[in-house]
Every structure is written in structure tokens, then in C-alpha cells.
file my_file-v9.txt (compact mmCIF, C-alpha atoms)
# COMPACT_ATOMS: atom_id res chain seq x y z
CA MET A 446 -7.56 17.38 33.64
CA ALA A 447 -3.95 17.30 32.43
CA THR A 448 -2.76 19.92 30.00
CA VAL A 449 -1.75 18.81 26.53
CA THR A 450 2.02 19.14 26.03
CA MET A 451 4.36 18.51 23.12
CA THR A 452 5.81 15.59 25.09
CA VAL A 453 2.40 13.93 25.11
CA VAL A 454 1.79 14.26 21.38
CA ASP A 455 5.41 13.33 20.58
CA ASN A 456 4.97 10.10 22.53
CA ILE A 457 1.66 9.39 20.80
CA LEU A 458 3.34 9.88 17.42
CA LYS A 459 6.04 7.38 18.39
CA GLU A 460 3.54 4.86 19.76
CA VAL A 461 1.37 5.02 16.65
CA THR A 462 4.16 4.65 14.12
CA GLU A 463 7.65 3.93 15.35
CA ASP A 464 7.62 0.13 15.43
CA ARG A 465 5.62 -0.30 12.22
CA LEU A 466 6.78 2.60 10.08
CA ARG A 467 9.56 0.80 8.23
CA ASP A 468 7.50 -2.21 7.16
CA GLN A 469 4.39 -0.26 6.25
CA LEU A 470 6.14 2.47 4.30
CA GLU A 471 7.26 0.16 1.51
CA SER A 472 4.74 -2.68 1.74
CA ASN A 473 2.72 -1.74 -1.36
CA VAL A 474 5.48 -1.31 -3.93
CA LYS A 475 7.20 -4.10 -5.84
CA THR A 476 10.59 -2.90 -6.97
CA LEU A 477 11.79 -1.32 -3.72
CA ARG A 478 10.98 -4.50 -1.81
CA ARG A 479 13.47 -6.49 -3.89
CA ILE A 480 16.42 -4.09 -3.49
CA GLU A 481 18.71 -4.71 -0.53
CA LYS A 482 19.10 -1.80 1.87
CA THR A 483 22.35 -1.09 3.65
CA SER A 484 24.12 1.63 5.61
CA GLU A 485 27.53 0.10 4.84
CA GLY A 486 30.11 2.66 3.79
CA VAL A 487 27.94 5.75 4.33
CA THR A 488 30.14 8.66 5.40
CA SER A 489 29.70 12.38 5.96
CA ASP A 490 31.78 14.84 3.98
CA VAL A 491 31.76 18.47 3.01
CA GLY A 492 28.60 18.96 0.97
CA GLY A 493 26.62 16.01 2.33
CA LYS A 494 26.63 12.25 2.82
CA TYR A 495 28.35 9.86 0.42
CA VAL A 496 29.09 6.20 -0.23
CA ARG A 497 32.40 5.29 -1.84
CA PHE A 498 33.35 1.85 -3.11
CA PRO A 499 35.92 0.45 -5.56
CA ILE A 500 34.96 -1.37 -8.74
CA ARG A 501 37.20 -3.78 -10.66
CA THR A 502 37.56 -2.77 -14.30
CA LYS A 503 40.35 -5.10 -15.49
CA ARG A 504 41.75 -8.54 -14.65
CA ASN A 505 45.40 -9.24 -13.88
CA HIS A 506 46.77 -10.52 -17.19
CA GLY A 507 50.22 -11.45 -15.96
CA ILE A 508 49.53 -15.01 -17.13
CA GLY A 509 50.47 -17.21 -20.07
CA ALA A 510 51.70 -20.63 -21.22
CA ARG A 511 55.42 -21.27 -21.77
CA VAL A 512 57.86 -23.95 -22.89
CA GLU A 513 60.95 -24.97 -20.97
CA LEU A 514 63.36 -22.08 -20.23
CA ASP A 515 60.99 -19.44 -21.62
CA SER A 516 60.80 -16.16 -19.80
CA LEU A 517 58.00 -16.24 -17.25
CA PRO A 518 55.03 -13.85 -17.54
CA SER A 519 55.63 -10.31 -16.35
CA ALA A 520 53.64 -9.28 -13.33
CA ALA A 521 50.59 -7.15 -13.98
CA THR A 522 47.84 -5.70 -11.85
CA GLN A 523 44.12 -5.60 -11.83
CA GLY A 524 42.39 -2.36 -12.77
CA TYR A 525 40.23 -0.46 -10.31
CA ASP A 526 38.15 2.67 -10.25
CA SER A 527 36.43 4.43 -7.38
CA ALA A 528 32.70 5.11 -7.35
CA GLN A 529 31.26 7.95 -5.34
CA VAL A 530 27.54 7.99 -4.62
CA LYS A 531 25.98 11.08 -3.03
CA LEU A 532 22.88 10.36 -0.98
CA THR A 533 19.61 12.10 -1.81
CA TYR A 534 17.48 13.65 0.89
CA GLN A 535 13.84 12.54 0.90
CA TYR A 536 11.07 14.15 2.95
CA GLY A 537 7.36 13.86 3.67
CA ALA A 538 5.32 16.17 5.89
CA ILE A 539 2.04 15.83 7.76
CA GLU A 540 0.06 18.62 9.40
CA LEU A 541 -2.54 18.76 12.19
CA THR A 542 -4.48 21.76 13.48
CA GLY A 543 -4.27 23.04 17.02
CA GLN A 544 -7.88 21.99 17.52
CA THR A 545 -6.97 18.42 16.64
CA PHE A 546 -4.09 18.57 19.13
CA GLU A 547 -6.57 19.40 21.87
CA LEU A 548 -8.21 16.03 21.26
CA ALA A 549 -5.10 14.36 22.66
CA ASP A 550 -6.32 15.53 26.06
CA SER A 551 -10.12 15.39 25.77
CA ASN A 552 -10.53 12.53 23.27
CA PRO A 553 -7.24 10.64 22.78
CA GLN A 554 -8.74 8.03 20.47
CA ALA A 555 -10.04 10.70 18.10
CA PHE A 556 -6.60 12.30 18.04
CA VAL A 557 -4.93 8.96 17.33
CA SER A 558 -7.41 8.29 14.52
CA ALA A 559 -6.75 11.68 12.92
CA LEU A 560 -3.01 11.21 13.29
CA GLN A 561 -3.12 7.68 11.87
CA ALA A 562 -5.09 8.86 8.83
CA GLU A 563 -2.44 11.47 8.03
CA ILE A 564 0.41 9.02 8.59
CA ASN A 565 -1.19 6.38 6.37
CA GLY A 566 -1.61 8.98 3.63
CA ILE A 567 2.00 10.19 3.73
CA LYS A 568 3.33 6.61 3.86
CA GLU A 569 1.37 5.73 0.75
CA GLY A 570 2.56 8.88 -1.02
CA LEU A 571 6.21 8.33 -0.10
CA SER A 572 6.08 4.67 -1.13
CA LYS A 573 4.62 5.49 -4.51
CA ASP A 574 7.03 8.36 -5.18
CA MET A 575 10.14 6.42 -4.14
CA ASN A 576 9.13 3.53 -6.40
CA ARG A 577 8.70 6.01 -9.29
CA GLN A 578 12.12 7.52 -8.60
CA VAL A 579 13.74 4.07 -8.82
CA TYR A 580 12.78 3.99 -12.52
CA GLY A 581 13.83 7.57 -13.30
CA THR A 582 16.89 9.81 -13.27
CA VAL A 583 18.22 12.41 -10.87
CA VAL A 584 16.44 15.11 -12.92
CA GLY A 585 13.04 13.82 -11.78
CA LYS A 586 11.06 14.42 -14.98
CA LEU A 587 7.44 13.37 -14.55
CA GLY A 588 6.39 13.97 -18.14
CA THR A 589 7.53 15.85 -21.23
CA ALA A 590 5.24 17.73 -23.62
CA ASN A 591 4.97 16.14 -27.06
CA ALA A 592 2.74 18.90 -28.49
CA VAL A 593 1.80 22.55 -27.95
CA GLY A 594 -0.57 23.09 -25.04
CA LEU A 595 -2.48 25.98 -23.51
CA THR A 596 -1.17 28.20 -20.73
CA THR A 597 -2.68 25.81 -18.19
CA THR A 598 -2.17 22.46 -19.94
CA LEU A 599 0.69 20.17 -20.88
CA VAL A 600 0.14 17.47 -23.52
CA THR A 601 2.22 14.38 -22.79
CA SER A 602 2.21 10.72 -23.79
CA ASN A 603 -0.13 8.28 -22.08
CA ALA A 604 3.02 6.45 -21.00
CA GLU A 605 4.18 9.42 -18.90
CA ALA A 606 0.72 10.48 -17.73
CA ILE A 607 0.81 7.58 -15.25
CA TYR A 608 3.18 9.63 -13.07
CA PHE A 609 0.72 12.53 -12.62
CA GLU A 610 -1.97 12.75 -9.95
CA ILE A 611 -4.53 15.39 -9.10
CA GLY A 612 -3.23 17.61 -6.30
CA MET A 613 0.44 17.10 -7.20
CA ILE A 614 2.53 20.29 -6.96
CA VAL A 615 4.92 20.70 -9.88
CA ASP A 616 7.36 23.07 -11.60
CA LEU A 617 7.42 23.65 -15.36
CA TYR A 618 10.74 23.75 -17.27
CA ASP A 619 11.50 24.28 -20.95
CA ASN A 620 13.70 22.04 -23.08
CA THR A 621 16.83 24.00 -22.04
CA ASP A 622 16.21 23.07 -18.38
CA THR A 623 15.19 26.64 -17.56
CA ILE A 624 12.20 27.27 -15.33
CA LYS A 625 9.37 28.76 -17.35
CA ALA A 626 8.12 32.21 -16.39
CA GLY A 627 5.29 31.68 -13.91
CA GLY A 628 6.04 27.95 -13.89
CA THR A 629 6.70 27.28 -10.20
CA GLY A 630 4.33 25.66 -7.72
CA LYS A 631 1.64 24.61 -10.18
CA VAL A 632 -1.07 22.31 -8.82
CA ILE A 633 -2.36 19.50 -11.06
CA THR A 634 -6.14 19.77 -11.28
CA ASN A 635 -6.92 17.11 -13.90
CA VAL A 636 -5.31 14.23 -15.78
CA GLN A 637 -7.27 13.42 -18.93
CA PRO A 638 -6.03 10.40 -20.92
CA ASP A 639 -6.80 10.40 -24.63
CA THR A 640 -7.84 7.35 -26.57
CA PRO A 641 -5.10 4.68 -26.68
CA SER A 642 -4.67 5.18 -30.43
CA ALA A 643 -4.03 8.90 -29.97
CA GLY A 644 -1.38 8.14 -27.35
CA SER A 645 -1.49 11.49 -25.53
CA SER A 646 -2.93 12.84 -22.29
CA THR A 647 -3.68 16.40 -21.21
CA ILE A 648 -2.38 17.51 -17.82
CA THR A 649 -4.23 20.56 -16.49
CA PHE A 650 -2.68 22.80 -13.83
CA THR A 651 -3.68 25.90 -11.90
CA THR A 652 -2.61 29.44 -12.79
CA ALA A 653 -1.45 30.10 -16.30
CA ALA A 654 2.26 30.08 -17.04
CA THR A 655 3.55 32.86 -19.27
CA GLY A 656 3.00 31.68 -22.83
CA THR A 657 1.74 28.34 -24.04
CA THR A 658 3.52 25.10 -23.19
CA ALA A 659 5.68 23.82 -26.03
CA SER A 660 7.02 20.46 -27.13
CA GLY A 661 9.95 19.57 -24.90
CA ASP A 662 8.64 21.37 -21.81
CA TYR A 663 8.50 19.12 -18.77
CA PHE A 664 7.26 18.89 -15.19
CA THR A 665 9.08 17.89 -12.00
CA ARG A 666 7.85 17.80 -8.44
CA THR A 667 8.23 21.32 -7.13
CA ASN A 668 11.80 22.15 -6.02
CA SER A 669 12.93 18.57 -6.73
CA ARG A 670 14.74 18.93 -10.06
CA ASN A 671 18.20 17.29 -10.04
CA LYS A 672 17.63 16.07 -6.46
CA GLU A 673 15.99 12.66 -6.93
CA LEU A 674 17.42 9.15 -6.88
CA THR A 675 19.81 7.99 -9.57
CA GLY A 676 17.31 5.50 -10.97
CA PHE A 677 17.36 2.69 -13.50
CA ARG A 678 17.20 5.01 -16.51
CA SER A 679 20.67 6.29 -15.55
CA ILE A 680 22.11 3.10 -14.07
CA VAL A 681 20.94 0.72 -16.81
CA ALA A 682 22.38 2.59 -19.78
CA GLY A 683 24.96 2.10 -22.49
CA SER A 684 26.69 5.44 -22.00
CA GLY A 685 27.06 8.33 -19.60
CA THR A 686 29.13 8.98 -16.50
CA LEU A 687 27.68 7.28 -13.43
CA PHE A 688 28.88 7.81 -9.86
CA ASN A 689 31.91 9.74 -11.14
CA ILE A 690 33.05 6.84 -13.37
CA ASN A 691 33.23 7.60 -17.09
CA PRO A 692 32.85 4.73 -19.59
CA ALA A 693 35.27 6.60 -21.87
CA THR A 694 38.08 5.65 -19.47
CA SER A 695 36.42 2.53 -17.99
CA PRO A 696 34.69 0.89 -20.99
CA VAL A 697 33.22 -1.96 -18.92
CA TRP A 698 31.12 0.57 -16.98
CA VAL A 699 28.07 0.27 -19.28
CA SER A 700 24.93 -1.86 -19.33
CA VAL A 701 23.64 -4.09 -22.11
CA VAL A 702 21.18 -2.14 -24.29
CA ASP A 703 18.75 -3.63 -26.81
CA ASN A 704 17.12 -0.78 -28.73
CA PRO A 705 16.71 -1.77 -32.40
CA GLY A 706 13.58 0.29 -32.91
CA VAL A 707 9.97 -0.69 -32.33
CA GLN A 708 9.76 -4.48 -32.37
CA ALA A 709 7.48 -7.20 -31.07
CA LEU A 710 8.65 -9.16 -28.06
CA SER A 711 10.29 -12.52 -28.71
CA GLU A 712 11.92 -15.15 -26.56
CA GLY A 713 14.96 -14.87 -28.81
CA ARG A 714 15.40 -11.20 -27.86
CA MET A 715 15.06 -12.03 -24.19
CA ILE A 716 17.51 -14.96 -24.35
CA ASN A 717 20.01 -12.79 -26.18
CA MET A 718 19.80 -10.16 -23.45
CA VAL A 719 20.32 -12.72 -20.68
CA ASP A 720 23.25 -14.24 -22.60
CA ASN A 721 24.93 -10.86 -23.14
CA ILE A 722 24.67 -10.09 -19.43
CA ARG A 723 26.04 -13.54 -18.67
CA THR A 724 28.97 -12.89 -21.02
CA ASN A 725 29.77 -9.81 -18.92
CA GLY A 726 29.94 -12.04 -15.84
CA GLY A 727 26.49 -11.11 -14.55
CA SER A 728 23.39 -13.10 -13.75
CA THR A 729 19.84 -11.84 -14.31
CA THR A 730 17.76 -12.40 -11.17
CA VAL A 731 14.60 -10.46 -12.11
CA ILE A 732 12.94 -8.81 -15.10
CA PHE A 733 10.87 -5.70 -14.36
CA THR A 734 8.45 -4.50 -17.00
CA SER A 735 5.27 -2.52 -17.62
CA LEU A 736 1.79 -4.02 -17.57
CA GLY A 737 1.55 -3.82 -21.37
CA VAL A 738 4.84 -5.63 -21.98
CA ARG A 739 3.83 -8.23 -19.38
CA ARG A 740 0.66 -8.79 -21.44
CA ALA A 741 2.80 -9.16 -24.58
CA TYR A 742 4.89 -11.79 -22.82
CA PHE A 743 1.77 -13.62 -21.65
CA ASN A 744 0.41 -13.64 -25.21
CA LEU A 745 3.76 -14.88 -26.48
CA LEU A 746 3.69 -17.87 -24.14
CA ILE A 747 0.15 -18.79 -25.13
CA GLN A 748 0.91 -18.56 -28.85
CA GLN A 749 4.10 -20.62 -28.68
CA ARG A 750 3.39 -23.14 -25.92
CA GLN A 751 -0.37 -23.24 -25.49
CA TYR A 752 0.06 -22.99 -21.71
CA VAL A 753 1.21 -20.49 -19.12
CA ASN A 754 2.63 -21.48 -15.76
CA THR A 755 2.48 -19.06 -12.84
CA GLN A 756 5.09 -19.62 -10.17
CA LYS A 757 5.93 -18.43 -6.69
CA PHE A 758 9.32 -16.75 -6.49
CA ALA A 759 11.44 -15.51 -3.60
CA GLY A 760 10.18 -12.29 -2.05
CA GLY A 761 6.53 -13.31 -2.13
CA PHE A 762 5.97 -12.77 -5.87
CA THR A 763 3.70 -15.01 -7.86
CA GLY A 764 3.70 -14.61 -11.60
CA LEU A 765 5.21 -15.50 -14.93
CA GLY A 766 8.71 -16.88 -15.25
CA PHE A 767 11.20 -16.71 -18.11
CA THR A 768 12.87 -20.07 -18.54
CA THR A 769 16.64 -20.25 -19.15
CA ASP A 770 19.20 -23.04 -18.79
CA ASP A 771 20.18 -21.46 -15.46
CA GLY A 772 16.61 -21.60 -14.14
CA ASP A 773 13.49 -19.47 -14.25
CA ILE A 774 13.72 -15.69 -13.93
CA PRO A 775 10.67 -13.91 -12.45
CA VAL A 776 8.97 -11.45 -14.82
CA VAL A 777 7.50 -8.78 -12.52
CA SER A 778 5.11 -6.10 -13.77
CA ASP A 779 5.23 -2.73 -12.05
CA LEU A 780 2.87 0.21 -12.62
CA ASP A 781 5.81 2.62 -12.38
CA CYS A 782 7.98 0.87 -14.95
CA PRO A 783 8.30 2.90 -18.19
CA TRP A 784 6.11 1.61 -21.00
CA ASN A 785 7.62 -0.48 -23.83
CA THR A 786 10.54 -1.42 -21.57
CA MET A 787 12.03 -4.47 -19.84
CA PHE A 788 14.79 -4.12 -17.23
CA PHE A 789 16.98 -7.23 -16.82
CA LEU A 790 18.57 -6.73 -13.42
CA ASN A 791 21.12 -8.45 -11.23
CA GLU A 792 19.74 -7.68 -7.78
CA ASN A 793 22.94 -8.91 -6.14
CA GLU A 794 24.67 -5.85 -7.61
CA LEU A 795 22.02 -3.30 -6.59
CA LYS A 796 21.80 -1.63 -3.19
CA MET A 797 19.78 1.14 -1.63
CA TYR A 798 22.38 2.94 0.46
CA GLN A 799 20.90 4.81 3.40
CA ALA A 800 22.15 6.64 6.45
CA GLY A 801 19.16 5.22 8.31
CA ASP A 802 15.57 4.19 7.75
CA TRP A 803 12.61 6.56 7.69
CA GLY A 804 12.29 8.53 10.90
CA TRP A 805 10.71 11.67 12.35
CA MET A 806 12.82 14.82 12.34
CA ASN A 807 13.31 16.03 15.92
CA ARG A 808 16.72 17.68 16.06
CA ASP A 809 15.37 20.70 17.92
CA GLY A 810 13.66 18.69 20.65
CA SER A 811 10.20 18.13 19.23
CA GLN A 812 8.80 16.27 16.26
CA TRP A 813 6.10 18.95 15.85
CA GLN A 814 6.77 22.46 14.59
CA ARG A 815 4.43 25.45 14.38
CA VAL A 816 3.29 26.20 10.84
CA ILE A 817 4.47 29.58 9.57
CA ASN A 818 2.41 31.16 6.82
CA THR A 819 3.59 33.86 4.46
CA GLY A 820 3.52 37.20 6.13
CA PRO A 821 5.25 36.05 8.31
CA ALA A 822 2.49 34.83 10.62
CA TYR A 823 1.89 31.69 12.62
CA ALA A 824 -1.04 29.37 12.08
CA ASP A 825 -2.83 27.28 14.67
CA ALA A 826 -1.37 24.15 13.15
CA TYR A 827 1.67 21.92 13.54
CA THR A 828 3.72 19.87 11.11
CA ALA A 829 5.85 16.73 11.53
CA MET A 830 8.47 15.72 8.97
CA LEU A 831 9.54 12.24 7.90
CA TYR A 832 13.02 12.04 6.38
CA LYS A 833 15.47 9.56 4.90
CA TYR A 834 18.92 10.00 3.34
CA CYS A 835 19.44 7.40 0.65
CA GLN A 836 20.67 6.60 -2.85
CA LEU A 837 20.36 3.72 -5.28
CA GLY A 838 23.73 2.33 -6.35
CA THR A 839 25.29 -0.55 -8.25
CA HIS A 840 28.72 -2.20 -8.10
CA ARG A 841 28.52 -3.71 -11.60
CA ARG A 842 26.75 -1.65 -14.21
CA ASN A 843 27.45 -4.23 -16.92
CA SER A 844 25.47 -6.92 -15.08
CA HIS A 845 22.19 -5.15 -15.95
CA GLY A 846 20.38 -4.74 -19.25
CA ILE A 847 17.50 -2.83 -20.79
CA MET A 848 15.24 -3.79 -23.68
CA GLN A 849 13.49 -0.76 -25.20
CA GLN A 850 10.74 -0.05 -27.73
CA VAL A 851 9.01 -3.36 -27.05
CA THR A 852 5.51 -3.47 -28.52
CA GLU A 853 2.98 -3.68 -25.71
CA GLY A 854 0.19 -6.23 -25.64
call {"tool": "encode", "arguments": {"input": "my_file-v9.txt", "output": "C-alpha cells"}}
result
Amino acid sequence: MATVTMTVVDNILKEVTEDRLRDQLESNVKTLRRIEKTSEGVTSDVGGKYVRFPIRTKRNHGIGARVELDSLPSAATQGYDSAQVKLTYQYGAIELTGQTFELADSNPQAFVSALQAEINGIKEGLSKDMNRQVYGTVVGKLGTANAVGLTTTLVTSNAEAIYFEIGMIVDLYDNTDTIKAGGTGKVITNVQPDTPSAGSSTITFTTAATGTTASGDYFTRTNSRNKELTGFRSIVAGSGTLFNINPATSPVWVSVVDNPGVQALSEGRMINMVDNIRTNGGSTTVIFTSLGVRRAYFNLLIQQRQYVNTQKFAGGFTGLGFTTDDGDIPVVSDLDCPWNTMFFLNENELKMYQAGDWGWMNRDGSQWQRVINTGPAYADAYTAMLYKYCQLGTHRRNSHGIMQQVTEG
């Protein structure tokens, strides 16, 4: 009987996943599927990998009407600025015991089944987390405390509780972005939503942090703070430097923001948002929203028109459309979209820059590495690491819009 070698299990890993990994990894999320992926312009530099691209901030206004013998217009130039996007580094690990490895020799099908189960699990986890990051900021806040909690609980809104899952490993920070004493590597043990009217959920974690949790404290995935994607909450905003471009010096580098306070959804609000984006030279190609706001839109259509048409849009989506004089815009609900929010996006101006697609790390000759426990000591187990270097970017920030504080249905 042949001896099990790393070459054998490396080849099995490739055979099980290599051809199907890309499609399967993002097949169950909505937003990521609609964003174009590209490796165009990705370069390596001191400190990591970047994408740089110019944006036009001003037209050439060397134009004008004249009468006979008038002086002709003076030449002018267009205005440009340079965006710099640093890629983030995303990882996902699987682990198999040495005993499972032995099955590759004695019972290959059992080994493949165990391997496939772990791969399916990490693909699902990575898909879900990447889709969440698309809606967030580089900070990576999962949820912020809105009340005092116990040493092992954090009280957050129901809206943010959707990002927590049992088994998630998190770090606890205070409202000054300082790690709380004893706040690293906490494991979520329970997520208990309150009644909808109360609007809060209790997140329970292992091992007490020093002192009670206070309003303003927040969780991130462990060791991930300030390392996540630059998501929609940063891109689709009316202020703030983005990709090294400051709206103070490039005023067009802002999105359209509708935030008048808590208000019911209306078609007038939505038309106004689309028109404002159109005035900026953009075109809304999709509206992403939460389930509750989608329900509010559905109720609005029934109340005003007495009928609701579902349509099939590009990308395989079937759902509600928002009718404009330029055609219907798909209204897509996403579990990861922040509550009370609608994102009006121009997908032609969004790209997921990446150095390459998801792959297995094997720079030292093998995709499997021995697990080292604290001690240091080795364990009879091996780990394989998926990785991807990527970043979400936009060429025209003012072609996107956000509608906030929309009453959910």
C-alpha cells in the first residue's frame, strides 16, 4: 500500500476545489455578484499592493460665444486628481487532523468527503463575510453598544445584531478605538434578539472583560480592525477623504445623501435621489436595501397602484423594479444591507480590484502546514489557507447615493 504524502493530499485538494472554487465561493451572495472584478492596474509597492487611477474633477472651460473680431476664448485645462486604493488581504483557514489525512490512503472517498465538508463551510463563511464588508467601512465594526451591559454581554441594536453569529471570534473596543482590557479573542456564545419594539439584542461572549461594557463600545472580528474593505458606508458618503482624495479640495468627490431624519418611504424621495445622481452625470443601475425597506416599498406600490409587478433583471435577479423615465431600476434586498437604508448605485463605476481570485496559499511548497499550538508544540493536524488580495473602489463617487432613516415596513 502506498504511503500518504503531502503531494497526494495537495493534489486531492486541487482536484476537489480548484476548478469550482471561484464560482462557488460567491454564489450565495447578492451584492458581490453584481460588482465587476478586475486585476487592471494592480501594482506592488512598498507597504503592499495598490491600484492607482485618475479621476476627472473639472471640465475644460476654455469655451464661449463671441461676436465678430472678439478675442477668442483662452485655453484652459480639465482638472484631475489621482486615487490610490490599497488592497486588503482576506484569508480563510481549514484544518484536518492527521488521522483524517491517513484516510487519503486507506479510504480516499472518506477523506474527500471530510475535506469537501470543510471547504464548503469556509466558502460559505468567506462569502457571507465579504458581502458584509461590502456594506461596511475599513474599521470593520460588527455592532456598537447602545446601553450598559455585563462583563460578558454587549447590548446592541437589532439592526446590528444581524452581523453576529455564535462561534464568531471578536475583539472589544471602547468608543476611543482602544482595545478594552481583557477584550481580545472573545467567542460569541449567544445572540438574543429582543422584541422588535425594544429594538435591542444582547450579544453574549466568553470570558469577562475588565469592567462592564458601556455605550459606544464595539466589536470587530478578532485582529481585523482597520483592515477590512472600504465598503459602501465610506464610498457612498457626503464627506470624508476617500482613496487619498479630499472633497475639501475636490468638491465633486462626494455622493448624494438623503438624510432628513426618520421618514416614511415615498416614490418622490426615490425619484429625487435618482434625479440628483443624474444631475451629477451618473446613472442608477441598482438599488440595494434591507428586507424591511423592501417591504415598505412593496407596501407603497400596493397602496398607490393596487398592483405589484415582479420582473427579471440582468444578473439573474427577479424582484421589484423602480420605474423611471430611463427605465426600470431593480430594487434588490440583501440581508447584509444596513437597516433603514437604500443605496442607489451606479455599478458601471464600481469595481472589485484584485491581484487574483481566491486560491490556496502554497508559497513554501505545500498547501498544508502543521498546526503549532501554544507552548510551542506541534499538533497532529494540518491547516490550509485560502487567500485573496482585493479592494472595492469607485471612479465616480458622485454617481452613487444613499437614502437613510427610511421607516421599515
call {"tool": "closest_residue", "arguments": {"input": "my_file-v9.txt", "among": "A:Asn620, A:Asn704, A:Thr667, A:Gln799", "to": "Thr483 (chain A)", "atoms": "all atoms listed in the file"}}
result
A:Gln799
call {"tool": "residues_around", "arguments": {"input": "my_file-v9.txt", "residues": "region 606-613 of chain A", "least_positions_apart": "5", "cutoff": "12 Å", "atoms": "only C-alpha atoms", "output": "MDAnalysis selection string"}}
result
chainID A and resid 570 573:578 580:581 585:591 599:601 630:639 644:651 663:667 735:736 779:784
call {"tool": "closest_residue", "arguments": {"input": "my_file-v9.txt", "among": "A:Ile747, A:Leu548, A:Leu571, A:Ala654", "to": "Thr596 (chain A)", "atoms": "only C-alpha atoms"}}
result
A:Ala654
call {"tool": "closest_residue", "arguments": {"input": "my_file-v9.txt", "among": "A:Gln849, A:Ser551, A:Gln561, A:Thr734", "to": "Val777 (chain A)", "atoms": "all atoms listed in the file"}}
result
A:Thr734
call {"tool": "atom_distance", "arguments": {"input": "my_file-v9.txt", "atom1": "CA of Ser527 (chain A)", "atom2": "CA of Phe498 (chain A)"}}
result
5.9 Å
call {"tool": "closest_residue", "arguments": {"input": "my_file-v9.txt", "among": "A:Gly507, A:Thr545, A:Tyr525, A:Gly854", "to": "Asp825 (chain A)", "atoms": "only C-alpha atoms"}}
result
A:Thr545
